[in-house]
Structures are given as structure tokens and as C-alpha cells.
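Trainee: This is the structure I have questions about; it appears just below.
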Amino acid sequence: MRPILDLAREKLKGKRVFAVLSGKGGVGKSIVAAFWAMALPKSALIDLDLFNMSTVKLFGVEKLHEVDKEGIKPFEVDGVKFFSLGGIVGDRWVVLPGANEGNVAEALLAFADLTGVENVVVDMPPGTGEVLLTLVRVTPFTPIVVTTPSRAAVSVVRQLMDYLQEQSIIPEVLVINMAYLMCKGEKIHPFGWPKELEDLKSR
Amino acid sequence: MRPILDLAREKLKGKRVFAVLSGKGGVGKSIVAAFWAMALPKSALIDLDLFNMSTVKLFGVEKLHEVDKEGIKPFEVDGVKFFSLGGIVGDRWVVLPGANEGNVAEALLAFADLTGVENVVVDMPPGTGEVLLTLVRVTPFTPIVVTTPSRAAVSVVRQLMDYLQEQSIIPEVLVINMAYLMCKGEKIHPFGWPKELEDLKSR
Amino acid sequence: MHEYSLAFSIVQSVDKWAREVGVYVKRVVVSVPSVAMLDLGILQEAYDMLKRESRLENSKLEVKVKSPTFKCRRCGYTFTDRETPLEEVRRKYGEEYPLHLIPELTPTFIKCPRCGSNDIEADLSIKVEEVETA
Amino acid sequence: MHEYSLAFSIVQSVDKWAREVGVYVKRVVVSVPSVAMLDLGILQEAYDMLKRESRLENSKLEVKVKSPTFKCRRCGYTFTDRETPLEEVRRKYGEEYPLHLIPELTPTFIKCPRCGSNDIEADLSIKVEEVETA
Ligand SMILES: Nc1ncnc2c1ncn2[C@@H]1O[C@H](COP(=O)(O)OP(=O)(O)O)[C@@H](O)[C@H]1O
Ligand SMILES: Nc1ncnc2c1ncn2[C@@H]1O[C@H](COP(=O)(O)OP(=O)(O)O)[C@@H](O)[C@H]1O
Ligand SMILES: [Mg+2]
Ligand SMILES: [Mg+2]
Ligand SMILES: [Mg+2]
Ligand SMILES: [Mg+2]
Ligand code: NI
Ligand code: NI
Ligand SMILES: [Zn+2]
Ligand SMILES: [Zn+2]
């Protein structure tokens, strides 16, 4: 019997869950997750990147979550509800052993008050470790895969897609972020445009 | 008695250890770590970002490490020795629970053959979790802190610096990477230049 | 105030198990870490309310507060929460202090008294220890 | 071939402890996970060579090969390496296959036989189980 895991599963049952994934860091997962949550009706964004807590910074929130009988109350900015560890520890560093990282992520999913929410967008940390395994443990989800054109990112994302395929988890969207920059009317590609990118797109 | 931990500590005793850290992903840690190892005499680069394994890709290595009595033999390209999980599992995804991530990192440090090496550069994963705690457990180190000018990165790096300060671990270098781009003779700043960056520089 | 969610998670988990094995429950024993500083009164009140119409309708909840043994993974020192500044953390955040909601955050807020490391191992989970069936 | 490093790590750790507590060692018992498929002959040979001039000079090494119990953190199923395709992994990589060097990599290479998840918990560490002093 695992009460917190069961509660997290119960909370997300019947809701559409998206996970913004990359494996690579700094490719724009948090930005894409925020836009995705804004674009969907009755949505909530859950920030599981416990060490960056980007979401509170993106939305400029500096207070703590309220907590009541229903659990942790979301912040709400421009109609987007969101939850982040930043709303629990405030603006300070977070250092955790690996096992704790998964349990903290599970508790966030379990205690988030998702009353009235139909679409849940999970902003994932980089890497394919404890938090990815925690999400796979808790709920089925639709991946939104984010990359930049850089060869380093493309190769990590290809490996992530191989893993998802083996788990028969099918990504619906591939976002190629920071692809080009306009420089006086001319497109420049700061991260290049390797041919491996075409293989990713074809998948 | 923890044989593997003791062996890792023994291996690094008497060597100058640098750790390329950020907390934020995709800011250029692996690129800076590679350059730093190239610039130092008798150096070796150890890639502890187990899920990205960027180093083998950066140096275009596609074979596995040899192993002999002295342990795992480094790859060597342009005079730079380096070790990466990519040289053990090859070009495939790696998915690990948090606790295993630390033990794998410890084993890499323990079995790396550092004969003749005086400067060790550790390429760290993003975040402040299991692998950072593992490195702090194994050895003293000098941090090389890497950021981009983006507000998201600067805020995470500030928190990392607060943590390092509390542990009286003093960074020697702050690299502000991907700061600007030349566009027909004109400097443009794709990630902006927030004033918080000046506070970071002053530390 | 998340004791309601906790009580709900306990009732839900044990009720699911009880229905799977086809039993009714008389007593549930759970253990909670002292660092969480849970309000046991609210927990009991919530449990007694939420257990209605479940296989735990006539059950009693017993809560054991355990003081975790902390172990520093760097120097091996073991200690308890008597040697940690948790009161200070509690004062800074107030009742909903981080460890009340998520006890697993403890390594972020305490250091090894001997070597100052945050690399602290401890069992901080909320567990169903015993279930007595009718 | 890293059995030499392993033997060195065992001798070094136990010798350090023996000198700290001021004893000489007669027997050392270590446990290793079966998935590592260690060459016990080389391990013994390396140990007997490396123990010279240490507090373990007249000690014997006993190696217990343990078959780990794997537990799937998603569905709870428990199983052993008989239900995992480790032979296949071994054939693909050859002698220095990844789990030989680093047994903790196992979750990357096996799936839960019941639900297919890689979220597998197991004790895969190499441990000094017993030290008998002279
Ligand atoms: N298309 C873009 N143009 C400019 N800056 C971007 C773009 N996408 C992301 N960024 C910036 O890059 C940094 C990394 O983005 P972030 O969403 O935090 O990535 P991740 O969540 O993958 O680490 C942030 O500072 C963000 O503001
Ligand atoms: N100054 C730079 N100019 C252009 N591309 C860069 C620069 N620094 C890093 N990159 C690219 O950005 C991506 C992220 O860099 P990387 O070193 O992998 O970051 P990290 O190790 O912090 O995740 C890589 O594809 C790298 O080639
Ligand atoms: Mg992010
Ligand atoms: Mg990711
Ligand atoms: Mg890197
Ligand atoms: Mg980092
Ligand atoms: Ni509460
Ligand atoms: Ni070997
Ligand atoms: Zn300590
Ligand atoms: Zn399973």
C-alpha cells in the first residue's frame, strides 16, 4: 500500500496529461509547457523540475501556495493555473538525493488541487532519471518533445524517442525551438541544422 | 566500509579537481568542460551527465572504453583524455532511478584510470541533485560556474552560488556563455542582459 | 491543512486493498515522520469523516509519530531531529512549512552536524504499518 | 578485467578500517550481485597479490554471489535475474558488458516482466559483509 502514489494516480485519472520532455537541458521545455497550458482550456501546469522551479519565475510569482482541505491551491496568472516547488520553498536553492527527488515529485502530483482541471501539462526536468520514472509510475501521458537544432540536443532527443517507443508512449508534437534568428531580414541558425534533425521530424 | 566510495576518493586524492556546474541545463557546461580540459596540462575529463553523455559526441568517439588491471582506460583525442558512460553503454538511452544515478557516477570516478593525470575536469549534469551530492561526497573541487545571460539561468545559478557558499566551496570562474551574436557587425543579445547578471559577476 | 488529503489517501489505499482481498477493516496503524509536525487531531477528524461508506467505516486510525534516524552519506554520522534546526525553519515559514507538506524535502533544510553536508539519508515516508481486519 | 580495481578497493577499505581500530584481519566476506558476472578467479588472484604488506596479509577472501531481488516500482512485481534477458545483453557487449563494470546500470537493461517498466529497484551494491579479526 502506497497512499501518496495511489493519491497521485487518483488525482490524474480521467484528466488529459501532457509531459513536456527533452532529455536535454535548456532547450525551452518550460517556455513550451507554459504556452501549451495557456493554449488549452481548463488547464493546469505542474512544474516537476524541482531544481530550476522556472515556472514561478516565468509567471513572476513570489508568494507561497495556499493549502486547504482540497490540498495545494494553484497560482493563477492570465487564467493559467500552475503548481511549483518554488511556491513551497520560496526563492532558495533545493538540493536532494535522487530517491527524495522522486518522492517530492510524487507528493506535488498527489497534493495538487486539480478541481475543475481537465488538461494537465507537466513541465519535466532534463535527463531521463528519477522524475521521468516517477511520472511513468503515476500516469499515462502524451509527450510533447522539445529540442533545439543542435547536434547534442538532437542526439539526446533521438535516444529519448527510442525509450518512449519501447514503452509504447507516442509523442504527438516535436518542437524545434531556437531554430533561427532574424538578422536584418536574414535567417541565421545559431545551433545549425544537422541532417539528423530530418530523421527526428520523420518520427 | 564502502569500497567503491573509498576507491573514488583515493583516485582523486592529490589531483586538482574542477567541476563545471550550472544547475541550469543547456548553458554550455559540456563545451566549457571540454575547452577547460584541453587548456590544462596532464588533464582528464570525466563526464558525469549520465543521461546526455555529450562528451563522446563532442569528440566524435563511437567505440567502447578498454578495461584492464588499472581500470577503465580513457579515450584520447587531441591530447585530451576523457571518460564517459557513452563509452560503456554505447549510443543508446540510459534510464535510471535516482539512487542508481549516484552509484553509477561513483563507479565511473572509482574505476577511471587516472595514471599520469594531474588535472581532473568533471562535466556535471544540470540540477543540484544526486550527482552533485555524490561529487561533494567524493572529493573537494573547484567549481567553474557556467550561465547564459537569460533570467531563468541567472536565477538558478544565483541559487547554486548560495548553496556553494554555504558549503564554503568557492567558484573561481563564472562563464557567461552564448552572451551575444554578431549580426552584420552588430552585437545582438538573444538571451538579453538582465541587471541580475551584474550581481552574479560581483560574486 | 493537507491532513485531509493525507487522511483521504490512507482511506482510499486501504479501502482499495480491502475490497481486493474481500475484507472489512477494524484498525489501521500508520507511521508518520516527526519532522512533518502533522496535526493529529485534524488527521483523526478527517479520517473519521472520510471512512464512511468504505470498508473502513467501523475502523479506528492509530498514528505512530516516528523520529527518523538521519544518516550523512558523506561522513557516516547518524543523528535525530533533536540535532537539527527544524524549529527555525518552522518559524520562518509558519504552519505550512515545507516539511509539513513534503517531509522528503528535509535534506534541503538540514546539514550533518559533524561535516555540514546536505547529503542526508532517512526514511521520511508516510506508511501504512498494519491493517487489522474484522 | 576491472576485478583488480575491485580487489584493490576491498583491500584498501578493510585495511584502512583495520588500522583505525588496531586489528589484523583473518577473513573478509564480500557479497557481489550475480548480474556483474565477475571472474572470481581473477578477483581472488588480485586480492592475494594486493593484500601483501597490509593488515590483511594473512587473510582469506570469501566471495558470496547474490542473486538480487528486483522490484518494479510501478506494479510492485518482484522477480530475479532468471526472468531477465541479461544473457542477450552479455552477448551484445561481450565480456566487459556494462553490468560487469557497473551493476547499478541494471534498470537501463531490464524491464519488469509483468508491466514492462524500467523502474526497477534492487540491491546491486558490492558489500563487505563480514570481517574476522585475528
Ligand atoms: N525561442 C526562444 N527564444 C529566445 N529565448 C528562448 C527561447 N526559448 C527558450 N528561451 C530561453 O532559453 C532559456 C531556457 O529555456 P527553458 O524553457 O528554461 O528551457 P528548459 O526548461 O528546457 O531548461 C530560458 O531563459 C528561456 O527564456
Ligand atoms: N557559445 C556557443 N555558441 C553556439 N552554440 C553553443 C555555444 N555554447 C554551447 N553551444 C551549443 O549549445 C548546446 C548546449 O551546450 P552544452 O555544452 O551541451 O550545454 P550543457 O552541457 O550545459 O547542457 C550544444 O549543442 C552546444 O554545442
Ligand atoms: Mg525547464
Ligand atoms: Mg527533459
Ligand atoms: Mg552537458
Ligand atoms: Mg549543472
Ligand atoms: Ni497541513
Ligand atoms: Ni572485469
Ligand atoms: Zn557528515
Ligand atoms: Zn511492473
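Here's how to read the names in the C-alpha cells: chain A, B, ... by the order shown, residue numbers from 1 in each chain, ligand numbers from 1 in the order shown.
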Counting only C-alpha atoms, collect the residues of chain B whose closest atom lies at most 10 Å from chain D, and write them out as a PyMOL selection string.
Mentor: chain B and resi 1-8+10+64-72+85+87-90+92-97+99-108+110-113
Trainee: What does the list of residues within 10 Å of ligand 9 look like if you count only C-alpha atoms and all ligand atoms, written as an mmCIF file with all heavy atoms, in the first residue's frame?
Mentor:
```cif
data_model
loop_
_atom_site.group_PDB
_atom_site.id
_atom_site.type_symbol
_atom_site.label_atom_id
_atom_site.label_comp_id
_atom_site.auth_asym_id
_atom_site.auth_seq_id
_atom_site.Cartn_x
_atom_site.Cartn_y
_atom_site.Cartn_z
ATOM 1 N N ARG B 137 30.481 14.307 -1.924
ATOM 2 C CA ARG B 137 30.804 13.174 -1.035
ATOM 3 C C ARG B 137 32.195 12.630 -1.329
ATOM 4 O O ARG B 137 32.929 12.208 -0.444
ATOM 5 C CB ARG B 137 29.756 12.084 -1.271
ATOM 6 C CG ARG B 137 29.801 10.913 -0.346
ATOM 7 C CD ARG B 137 28.490 10.107 -0.418
ATOM 8 N NE ARG B 137 28.247 9.444 -1.690
ATOM 9 C CZ ARG B 137 27.124 9.608 -2.419
ATOM 10 N NH1 ARG B 137 26.192 10.441 -2.012
ATOM 11 N NH2 ARG B 137 26.945 8.940 -3.549
ATOM 12 N N LYS C 71 21.121 9.831 8.376
ATOM 13 C CA LYS C 71 22.488 9.334 8.177
ATOM 14 C C LYS C 71 23.160 10.171 7.108
ATOM 15 O O LYS C 71 22.625 10.345 6.014
ATOM 16 C CB LYS C 71 22.469 7.862 7.758
ATOM 17 C CG LYS C 71 23.882 7.263 7.718
ATOM 18 C CD LYS C 71 23.871 5.774 7.477
ATOM 19 C CE LYS C 71 25.324 5.253 7.507
ATOM 20 N NZ LYS C 71 25.417 3.904 6.919
ATOM 21 N N CYS C 72 24.334 10.689 7.453
ATOM 22 C CA CYS C 72 25.089 11.505 6.484
ATOM 23 C C CYS C 72 25.831 10.572 5.542
ATOM 24 O O CYS C 72 26.621 9.726 5.977
ATOM 25 C CB CYS C 72 26.096 12.391 7.237
ATOM 26 S SG CYS C 72 27.216 13.249 6.103
ATOM 27 N N ARG C 73 25.566 10.709 4.221
ATOM 28 C CA ARG C 73 26.201 9.811 3.251
ATOM 29 C C ARG C 73 27.653 10.219 2.993
ATOM 30 O O ARG C 73 28.384 9.525 2.318
ATOM 31 C CB ARG C 73 25.406 9.810 1.934
ATOM 32 C CG ARG C 73 24.045 9.113 2.078
ATOM 33 C CD ARG C 73 23.475 8.663 0.744
ATOM 34 N NE ARG C 73 23.270 9.782 -0.189
ATOM 35 C CZ ARG C 73 22.794 9.634 -1.432
ATOM 36 N NH1 ARG C 73 22.487 8.435 -1.894
ATOM 37 N NH2 ARG C 73 22.620 10.679 -2.216
ATOM 38 N N ARG C 74 28.058 11.363 3.535
ATOM 39 C CA ARG C 74 29.470 11.727 3.309
ATOM 40 C C ARG C 74 30.346 11.175 4.442
ATOM 41 O O ARG C 74 31.278 10.434 4.201
ATOM 42 C CB ARG C 74 29.624 13.250 3.216
ATOM 43 C CG ARG C 74 31.110 13.650 3.029
ATOM 44 C CD ARG C 74 31.284 15.033 2.465
ATOM 45 N NE ARG C 74 30.917 16.110 3.394
ATOM 46 C CZ ARG C 74 31.096 17.396 3.124
ATOM 47 N NH1 ARG C 74 31.611 17.777 1.947
ATOM 48 N NH2 ARG C 74 30.717 18.330 3.979
ATOM 49 N N CYS C 75 29.984 11.480 5.717
ATOM 50 C CA CYS C 75 30.883 11.073 6.808
ATOM 51 C C CYS C 75 30.313 9.934 7.645
ATOM 52 O O CYS C 75 30.948 9.462 8.580
ATOM 53 C CB CYS C 75 31.195 12.270 7.701
ATOM 54 S SG CYS C 75 29.842 12.695 8.818
ATOM 55 N N GLY C 76 29.063 9.516 7.337
ATOM 56 C CA GLY C 76 28.506 8.352 8.027
ATOM 57 C C GLY C 76 27.853 8.666 9.372
ATOM 58 O O GLY C 76 27.260 7.790 9.995
ATOM 59 N N TYR C 77 27.921 9.925 9.844
ATOM 60 C CA TYR C 77 27.347 10.280 11.148
ATOM 61 C C TYR C 77 25.833 10.055 11.140
ATOM 62 O O TYR C 77 25.152 10.370 10.162
ATOM 63 C CB TYR C 77 27.652 11.767 11.427
ATOM 64 C CG TYR C 77 27.251 12.270 12.795
ATOM 65 C CD1 TYR C 77 27.844 11.759 13.943
ATOM 66 C CD2 TYR C 77 26.255 13.246 12.931
ATOM 67 C CE1 TYR C 77 27.465 12.231 15.209
ATOM 68 C CE2 TYR C 77 25.882 13.714 14.185
ATOM 69 C CZ TYR C 77 26.491 13.208 15.311
ATOM 70 O OH TYR C 77 26.118 13.663 16.558
ATOM 71 N N THR C 78 25.316 9.471 12.246
ATOM 72 C CA THR C 78 23.851 9.303 12.340
ATOM 73 C C THR C 78 23.337 10.193 13.469
ATOM 74 O O THR C 78 24.024 10.371 14.492
ATOM 75 C CB THR C 78 23.476 7.836 12.627
ATOM 76 O OG1 THR C 78 24.278 7.375 13.712
ATOM 77 C CG2 THR C 78 23.684 6.964 11.422
ATOM 78 N N PHE C 79 22.149 10.775 13.260
ATOM 79 C CA PHE C 79 21.615 11.717 14.251
ATOM 80 C C PHE C 79 20.100 11.770 14.127
ATOM 81 O O PHE C 79 19.533 11.159 13.236
ATOM 82 C CB PHE C 79 22.241 13.110 14.061
ATOM 83 C CG PHE C 79 22.078 13.690 12.695
ATOM 84 C CD1 PHE C 79 21.118 14.675 12.442
ATOM 85 C CD2 PHE C 79 22.868 13.254 11.630
ATOM 86 C CE1 PHE C 79 20.961 15.210 11.176
ATOM 87 C CE2 PHE C 79 22.725 13.797 10.348
ATOM 88 C CZ PHE C 79 21.769 14.781 10.128
ATOM 89 N N LYS C 111 21.639 20.079 7.796
ATOM 90 C CA LYS C 111 23.036 19.732 7.471
ATOM 91 C C LYS C 111 23.513 18.706 8.475
ATOM 92 O O LYS C 111 23.033 18.672 9.609
ATOM 93 C CB LYS C 111 23.919 20.977 7.608
ATOM 94 C CG LYS C 111 23.718 22.002 6.511
ATOM 95 C CD LYS C 111 24.838 23.022 6.502
ATOM 96 C CE LYS C 111 24.524 24.180 5.552
ATOM 97 N NZ LYS C 111 23.463 23.957 4.581
ATOM 98 N N CYS C 112 24.471 17.894 8.061
ATOM 99 C CA CYS C 112 25.076 16.948 9.003
ATOM 100 C C CYS C 112 25.776 17.748 10.106
ATOM 101 O O CYS C 112 26.633 18.584 9.814
ATOM 102 C CB CYS C 112 26.096 16.082 8.263
ATOM 103 S SG CYS C 112 27.184 15.157 9.370
ATOM 104 N N PRO C 113 25.412 17.511 11.382
ATOM 105 C CA PRO C 113 26.030 18.263 12.482
ATOM 106 C C PRO C 113 27.550 18.093 12.524
ATOM 107 O O PRO C 113 28.261 18.962 13.000
ATOM 108 C CB PRO C 113 25.385 17.655 13.744
ATOM 109 C CG PRO C 113 24.135 16.978 13.269
ATOM 110 C CD PRO C 113 24.436 16.522 11.874
ATOM 111 N N ARG C 114 28.065 16.996 11.947
ATOM 112 C CA ARG C 114 29.511 16.752 12.037
ATOM 113 C C ARG C 114 30.256 17.372 10.861
ATOM 114 O O ARG C 114 31.267 18.032 11.036
ATOM 115 C CB ARG C 114 29.783 15.249 12.104
ATOM 116 C CG ARG C 114 31.284 14.935 12.334
ATOM 117 C CD ARG C 114 31.510 13.537 12.873
ATOM 118 N NE ARG C 114 31.300 12.518 11.825
ATOM 119 C CZ ARG C 114 31.469 11.208 12.069
ATOM 120 N NH1 ARG C 114 31.802 10.780 13.268
ATOM 121 N NH2 ARG C 114 31.269 10.332 11.091
ATOM 122 N N CYS C 115 29.741 17.188 9.615
ATOM 123 C CA CYS C 115 30.547 17.658 8.468
ATOM 124 C C CYS C 115 29.829 18.689 7.614
ATOM 125 O O CYS C 115 30.370 19.149 6.619
ATOM 126 C CB CYS C 115 30.948 16.459 7.600
ATOM 127 S SG CYS C 115 29.642 15.907 6.475
ATOM 128 N N GLY C 116 28.596 19.035 7.949
ATOM 129 C CA GLY C 116 27.902 20.125 7.255
ATOM 130 C C GLY C 116 27.299 19.763 5.914
ATOM 131 O O GLY C 116 26.779 20.614 5.200
ATOM 132 N N SER C 117 27.326 18.500 5.542
ATOM 133 C CA SER C 117 26.802 18.105 4.227
ATOM 134 C C SER C 117 25.273 18.004 4.244
ATOM 135 O O SER C 117 24.670 17.706 5.268
ATOM 136 C CB SER C 117 27.400 16.742 3.850
ATOM 137 O OG SER C 117 26.555 16.102 2.926
ATOM 138 N N ASN C 118 24.642 18.252 3.076
ATOM 139 C CA ASN C 118 23.179 18.079 2.949
ATOM 140 C C ASN C 118 22.836 16.680 2.455
ATOM 141 O O ASN C 118 21.672 16.368 2.210
ATOM 142 C CB ASN C 118 22.611 19.078 1.925
ATOM 143 C CG ASN C 118 22.757 20.509 2.381
ATOM 144 O OD1 ASN C 118 23.831 21.096 2.238
ATOM 145 N ND2 ASN C 118 21.713 21.064 2.958
ATOM 146 N N ASP C 119 23.882 15.840 2.294
ATOM 147 C CA ASP C 119 23.691 14.517 1.694
ATOM 148 C C ASP C 119 23.146 13.552 2.747
ATOM 149 O O ASP C 119 23.843 12.641 3.214
ATOM 150 C CB ASP C 119 25.071 14.049 1.186
ATOM 151 C CG ASP C 119 24.951 12.869 0.254
ATOM 152 O OD1 ASP C 119 23.818 12.411 -0.003
ATOM 153 O OD2 ASP C 119 26.011 12.390 -0.207
ATOM 154 N N ILE C 120 21.903 13.780 3.163
ATOM 155 C CA ILE C 120 21.325 13.089 4.315
ATOM 156 C C ILE C 120 20.289 12.069 3.870
ATOM 157 O O ILE C 120 19.358 12.380 3.142
ATOM 158 C CB ILE C 120 20.648 14.112 5.259
ATOM 159 C CG1 ILE C 120 21.590 15.270 5.595
ATOM 160 C CG2 ILE C 120 20.128 13.402 6.511
ATOM 161 C CD1 ILE C 120 22.830 14.905 6.346
#
```
Trainee: Neighbours of Lys184 (chain B) within 12 Å (only C-alpha atoms; same-chain residues fewer than 5 positions away dropped), as an mmCIF file with N, CA and C atoms, in the first residue's frame?
Mentor:
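To be explicit, this is the file written out as out.cif:
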```cif
data_model
loop_
_atom_site.group_PDB
_atom_site.id
_atom_site.type_symbol
_atom_site.label_atom_id
_atom_site.label_comp_id
_atom_site.auth_asym_id
_atom_site.auth_seq_id
_atom_site.Cartn_x
_atom_site.Cartn_y
_atom_site.Cartn_z
ATOM 1 N N MET A 182 16.351 36.195 -36.753
ATOM 2 C CA MET A 182 16.355 37.128 -37.884
ATOM 3 C C MET A 182 17.461 38.147 -37.656
ATOM 4 N N CYS A 183 18.331 38.271 -38.622
ATOM 5 C CA CYS A 183 19.406 39.270 -38.511
ATOM 6 C C CYS A 183 19.314 40.163 -39.726
ATOM 7 N N LYS A 184 18.652 41.308 -39.507
ATOM 8 C CA LYS A 184 18.444 42.281 -40.603
ATOM 9 C C LYS A 184 17.858 41.579 -41.819
ATOM 10 N N GLY A 185 16.712 40.921 -41.577
ATOM 11 C CA GLY A 185 15.989 40.321 -42.694
ATOM 12 C C GLY A 185 16.552 38.983 -43.137
ATOM 13 N N GLU A 186 17.659 38.567 -42.541
ATOM 14 C CA GLU A 186 18.256 37.311 -42.994
ATOM 15 C C GLU A 186 18.166 36.281 -41.862
ATOM 16 N N LYS A 187 17.817 35.036 -42.216
ATOM 17 C CA LYS A 187 17.717 33.979 -41.196
ATOM 18 C C LYS A 187 19.118 33.454 -40.882
ATOM 19 N N ILE A 188 19.485 33.437 -39.578
ATOM 20 C CA ILE A 188 20.730 32.744 -39.208
ATOM 21 C C ILE A 188 20.393 31.635 -38.215
#
```
Trainee: Per residue of chain B within 9 Å of chain A, record the nearest atom pair and its distance in Å to one decimal, counting only C-alpha atoms, with rows in chain order and ascending residue number, as JSON lines.
Mentor:
```
{"residue": "B:Gly23", "atom": "CA", "partner": "A:Phe51", "partner_atom": "CA", "distance": 7.2}
{"residue": "B:Lys24", "atom": "CA", "partner": "A:Asn52", "partner_atom": "CA", "distance": 6.8}
{"residue": "B:Gly25", "atom": "CA", "partner": "A:Gly25", "partner_atom": "CA", "distance": 3.7}
{"residue": "B:Gly26", "atom": "CA", "partner": "A:Gly26", "partner_atom": "CA", "distance": 4.1}
{"residue": "B:Val27", "atom": "CA", "partner": "A:Gly26", "partner_atom": "CA", "distance": 6.6}
{"residue": "B:Asp49", "atom": "CA", "partner": "A:Gly127", "partner_atom": "CA", "distance": 8.5}
{"residue": "B:Leu50", "atom": "CA", "partner": "A:Gly127", "partner_atom": "CA", "distance": 8.3}
{"residue": "B:Phe51", "atom": "CA", "partner": "A:Gly127", "partner_atom": "CA", "distance": 5.3}
{"residue": "B:Asn52", "atom": "CA", "partner": "A:Val156", "partner_atom": "CA", "distance": 5.9}
{"residue": "B:Met53", "atom": "CA", "partner": "A:Val156", "partner_atom": "CA", "distance": 8.4}
{"residue": "B:Ser54", "atom": "CA", "partner": "A:Ala152", "partner_atom": "CA", "distance": 6.4}
{"residue": "B:Lys57", "atom": "CA", "partner": "A:Ala152", "partner_atom": "CA", "distance": 7.1}
{"residue": "B:Leu58", "atom": "CA", "partner": "A:Ala152", "partner_atom": "CA", "distance": 7.7}
{"residue": "B:Asp91", "atom": "CA", "partner": "A:Gln159", "partner_atom": "CA", "distance": 8.1}
{"residue": "B:Arg92", "atom": "CA", "partner": "A:Gln159", "partner_atom": "CA", "distance": 6.0}
{"residue": "B:Trp93", "atom": "CA", "partner": "A:Gln159", "partner_atom": "CA", "distance": 4.9}
{"residue": "B:Val94", "atom": "CA", "partner": "A:Thr128", "partner_atom": "CA", "distance": 7.0}
{"residue": "B:Val95", "atom": "CA", "partner": "A:Thr128", "partner_atom": "CA", "distance": 5.3}
{"residue": "B:Leu96", "atom": "CA", "partner": "A:Gly129", "partner_atom": "CA", "distance": 4.9}
{"residue": "B:Pro97", "atom": "CA", "partner": "A:Glu130", "partner_atom": "CA", "distance": 4.6}
{"residue": "B:Gly98", "atom": "CA", "partner": "A:Gly98", "partner_atom": "CA", "distance": 3.7}
{"residue": "B:Ala99", "atom": "CA", "partner": "A:Gly98", "partner_atom": "CA", "distance": 5.1}
{"residue": "B:Asn100", "atom": "CA", "partner": "A:Gly98", "partner_atom": "CA", "distance": 8.2}
{"residue": "B:Glu101", "atom": "CA", "partner": "A:Gly98", "partner_atom": "CA", "distance": 7.4}
{"residue": "B:Gly102", "atom": "CA", "partner": "A:Gly98", "partner_atom": "CA", "distance": 7.6}
{"residue": "B:Pro125", "atom": "CA", "partner": "A:Gly127", "partner_atom": "CA", "distance": 8.4}
{"residue": "B:Pro126", "atom": "CA", "partner": "A:Gly25", "partner_atom": "CA", "distance": 6.9}
{"residue": "B:Gly127", "atom": "CA", "partner": "A:Phe51", "partner_atom": "CA", "distance": 5.3}
{"residue": "B:Thr128", "atom": "CA", "partner": "A:Val95", "partner_atom": "CA", "distance": 5.3}
{"residue": "B:Gly129", "atom": "CA", "partner": "A:Leu96", "partner_atom": "CA", "distance": 4.9}
{"residue": "B:Glu130", "atom": "CA", "partner": "A:Pro97", "partner_atom": "CA", "distance": 4.6}
{"residue": "B:Val131", "atom": "CA", "partner": "A:Gly98", "partner_atom": "CA", "distance": 8.3}
{"residue": "B:Leu132", "atom": "CA", "partner": "A:Val95", "partner_atom": "CA", "distance": 8.6}
{"residue": "B:Leu133", "atom": "CA", "partner": "A:Pro97", "partner_atom": "CA", "distance": 7.0}
{"residue": "B:Thr134", "atom": "CA", "partner": "A:Pro97", "partner_atom": "CA", "distance": 8.8}
{"residue": "B:Arg151", "atom": "CA", "partner": "A:Lys57", "partner_atom": "CA", "distance": 8.6}
{"residue": "B:Ala152", "atom": "CA", "partner": "A:Ser54", "partner_atom": "CA", "distance": 6.4}
{"residue": "B:Ala153", "atom": "CA", "partner": "A:Asn52", "partner_atom": "CA", "distance": 8.5}
{"residue": "B:Ser155", "atom": "CA", "partner": "A:Lys57", "partner_atom": "CA", "distance": 8.5}
{"residue": "B:Val156", "atom": "CA", "partner": "A:Asn52", "partner_atom": "CA", "distance": 5.9}
{"residue": "B:Arg158", "atom": "CA", "partner": "A:Trp93", "partner_atom": "CA", "distance": 8.7}
{"residue": "B:Gln159", "atom": "CA", "partner": "A:Trp93", "partner_atom": "CA", "distance": 4.9}
{"residue": "B:Leu160", "atom": "CA", "partner": "A:Trp93", "partner_atom": "CA", "distance": 6.5}
{"residue": "B:Asp162", "atom": "CA", "partner": "A:Trp93", "partner_atom": "CA", "distance": 7.4}
{"residue": "B:Tyr163", "atom": "CA", "partner": "A:Trp93", "partner_atom": "CA", "distance": 6.6}
{"residue": "B:Leu181", "atom": "CA", "partner": "A:Pro190", "partner_atom": "CA", "distance": 8.3}
{"residue": "B:Cys183", "atom": "CA", "partner": "A:Cys183", "partner_atom": "CA", "distance": 5.7}
{"residue": "B:Lys184", "atom": "CA", "partner": "A:Cys183", "partner_atom": "CA", "distance": 7.7}
{"residue": "B:Ile188", "atom": "CA", "partner": "A:Cys183", "partner_atom": "CA", "distance": 8.8}
{"residue": "B:Pro190", "atom": "CA", "partner": "A:Leu181", "partner_atom": "CA", "distance": 8.3}
```
Trainee: Those same residues, written as a short mmCIF file (atom, residue, chain, number, x, y, z; two decimals), in the first residue's frame with C-alpha atoms?
Mentor:
```cif
data_model
loop_
_atom_site.label_atom_id
_atom_site.label_comp_id
_atom_site.auth_asym_id
_atom_site.auth_seq_id
_atom_site.Cartn_x
_atom_site.Cartn_y
_atom_site.Cartn_z
CA GLY B 23 22.19 23.99 -12.10
CA LYS B 24 20.59 25.12 -15.39
CA GLY B 25 20.58 22.86 -18.41
CA GLY B 26 21.91 23.61 -21.89
CA VAL B 27 24.07 26.60 -20.91
CA ASP B 49 25.97 13.75 -17.12
CA LEU B 50 24.85 10.12 -17.42
CA PHE B 51 21.72 10.85 -19.48
CA ASN B 52 23.34 13.14 -22.10
CA MET B 53 26.84 11.62 -22.47
CA SER B 54 27.73 14.73 -24.53
CA LYS B 57 29.58 13.08 -29.17
CA LEU B 58 31.60 16.30 -28.84
CA ASP B 91 24.94 5.01 -28.36
CA ARG B 92 21.70 4.10 -26.55
CA TRP B 93 19.38 5.64 -23.95
CA VAL B 94 20.11 5.41 -20.23
CA VAL B 95 17.20 5.46 -17.76
CA LEU B 96 17.98 5.15 -14.03
CA PRO B 97 16.28 5.64 -10.65
CA GLY B 98 17.86 8.47 -8.65
CA ALA B 99 19.80 6.30 -6.23
CA ASN B 100 21.40 4.31 -9.09
CA GLU B 101 22.48 7.58 -10.80
CA GLY B 102 24.76 8.41 -7.84
CA PRO B 125 24.62 17.30 -15.23
CA PRO B 126 22.09 20.10 -14.78
CA GLY B 127 20.28 20.34 -11.45
CA THR B 128 21.51 20.14 -7.85
CA GLY B 129 20.62 16.55 -7.05
CA GLU B 130 22.16 13.12 -6.69
CA VAL B 131 25.28 13.64 -8.83
CA LEU B 132 26.22 16.95 -7.18
CA LEU B 133 25.85 15.31 -3.75
CA THR B 134 27.93 12.37 -4.99
CA ARG B 151 16.94 35.48 -16.47
CA ALA B 152 15.96 31.83 -15.93
CA ALA B 153 19.59 30.67 -15.94
CA SER B 155 18.29 32.92 -11.11
CA VAL B 156 19.17 29.19 -10.91
CA ARG B 158 22.46 32.52 -8.11
CA GLN B 159 20.82 29.80 -6.00
CA LEU B 160 23.66 27.39 -6.86
CA ASP B 162 24.27 30.44 -2.41
CA TYR B 163 24.49 26.66 -1.87
CA LEU B 181 25.86 37.09 -31.58
CA CYS B 183 24.83 40.16 -36.90
CA LYS B 184 26.47 42.02 -39.75
CA ILE B 188 22.68 41.18 -30.62
CA PRO B 190 19.48 36.54 -27.92
#
```
